[in-house]
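What follows is the content of coords.txt, which has compact mmCIF, C-alpha atoms:
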```
# COMPACT_ATOMS: atom_id res chain seq x y z
CA MET U 1 7.93 -37.33 35.01
CA ALA U 2 7.88 -34.02 33.12
CA THR U 3 5.83 -33.74 29.98
CA LYS U 4 7.48 -33.01 26.67
CA ARG U 5 7.31 -29.52 25.31
CA THR U 6 5.00 -29.29 22.31
CA THR U 7 5.95 -25.79 21.15
CA PRO U 8 9.51 -24.94 20.17
CA LYS U 9 11.44 -22.36 22.15
CA LYS U 10 11.49 -18.92 20.64
CA ALA U 11 14.87 -17.69 19.50
CA SER U 12 15.90 -14.73 21.59
CA ALA U 13 16.58 -11.81 19.28
CA PRO U 14 19.22 -9.28 20.27
CA ASP U 15 17.70 -6.18 21.80
CA GLU U 16 17.78 -3.39 19.26
CA PRO U 17 18.11 0.12 20.66
CA VAL U 18 15.03 2.32 20.32
CA LYS U 19 15.46 5.21 17.87
CA CYS U 20 15.38 8.77 19.14
CA GLN U 21 12.14 10.59 18.23
CA PRO U 22 13.40 14.09 17.28
CA CYS U 23 16.21 12.93 14.99
CA GLY U 24 14.80 9.57 13.88
CA GLY U 25 18.00 7.75 14.84
CA THR U 26 20.37 9.83 12.71
CA GLY U 27 21.81 11.94 15.53
CA THR U 28 21.37 15.20 13.61
CA VAL U 29 18.48 17.65 13.28
CA ALA U 30 17.90 20.55 10.90
CA ALA U 31 18.59 23.97 12.37
CA THR U 32 17.30 27.09 10.62
CA VAL U 33 19.95 29.68 9.69
CA ARG U 34 18.76 33.27 10.18
CA VAL U 35 20.54 36.42 8.97
CA GLY U 36 20.02 40.16 9.07
CA ARG U 37 18.46 42.57 11.48
CA LYS U 38 14.97 41.16 10.84
CA ARG U 39 16.33 37.61 11.33
CA ARG U 40 14.96 36.24 8.09
CA PRO U 41 15.54 32.51 7.44
CA VAL U 42 17.89 31.78 4.55
CA GLY U 43 18.45 28.03 4.86
CA GLN U 44 19.09 25.08 7.12
CA GLN U 45 22.15 23.30 8.41
CA ASP U 46 22.69 20.07 10.33
CA GLY U 47 22.97 20.31 14.08
CA LEU U 48 23.58 17.84 16.88
CA CYS U 49 20.43 16.32 18.38
CA LEU U 50 20.20 17.59 21.95
CA ASN U 51 17.87 14.79 23.02
CA CYS U 52 20.33 11.93 22.38
CA PHE U 53 23.57 13.94 21.93
CA GLY U 54 24.19 12.40 18.51
CA THR U 55 23.96 8.73 19.45
CA GLY U 56 20.62 8.17 17.72
CA THR U 57 19.21 6.04 20.53
CA ASP U 58 16.41 6.97 22.91
CA PRO U 59 17.91 7.97 26.29
CA GLU U 60 14.74 6.90 28.15
CA SER U 61 15.02 3.21 27.20
```
Any chance you could give the structure as structure tokens?
Amino acid sequence: MATKRTTPKKASAPDEPVKCQPCGGTGTVAATVRVGRKRRPVGQQDGLCLNCFGTGTDPES
């Protein structure tokens, strides 16, 4: 006869996707805007994260 289980079963949590490292899970990264012949930086704008292509999840997992 099988013995009774003394520890309760662990509830299986849904697998959460791992966040992308470069964008932190947002899907966008800051890109520096440069102008002029000397290419001086004047500001930043949002750009698509090329690691995850905007999904925010790590493509390796």
Pairwise distance, CA of Thr57 in chain U with CA of Gly27 in chain U, equals 8.2 Å
Contacts of range 14-20 of chain U at 9 Å (only C-alpha atoms; same-chain gap of 5+ positions) as a PyMOL selection string: chain U and resi 25-27+51-52+55-59+61
Is it possible to get the residues within 12 Å of (22.5, 23.3, 12.0) (coordinates as in the file, counting only C-alpha atoms) written as a list of chain:residue names? U:Gly27, U:Thr28, U:Val29, U:Ala30, U:Ala31, U:Thr32, U:Val33, U:Arg34, U:Gly43, U:Gln44, U:Gln45, U:Asp46, U:Gly47, U:Leu48, U:Cys49, U:Leu50
Kindly compute an axis-aligned box around the listed atoms of range 42-57 of chain U, allowing 3 Å on each side, and express its centre and edge lengths in Å to one decimal as AutoDock Vina command-line options.
```
--center_x 21.0 --center_y 18.9 --center_z 13.8 --size_x 12.3 --size_y 31.7 --size_z 24.5
```
To one decimal in Å, tell me the separation between CA of Phe53 in chain U and CA of Val35 in chain U.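 Pair CA of Phe53 in chain U / CA of Val35 in chain U returns 26.1 Å.
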What does the structure give for the distance between CA of Gln21 in chain U and CA of Gly54 in chain U, in Å to one decimal?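 Straight-line distance from CA of Gln21 in chain U to CA of Gly54 in chain U works out to 12.2 Å.
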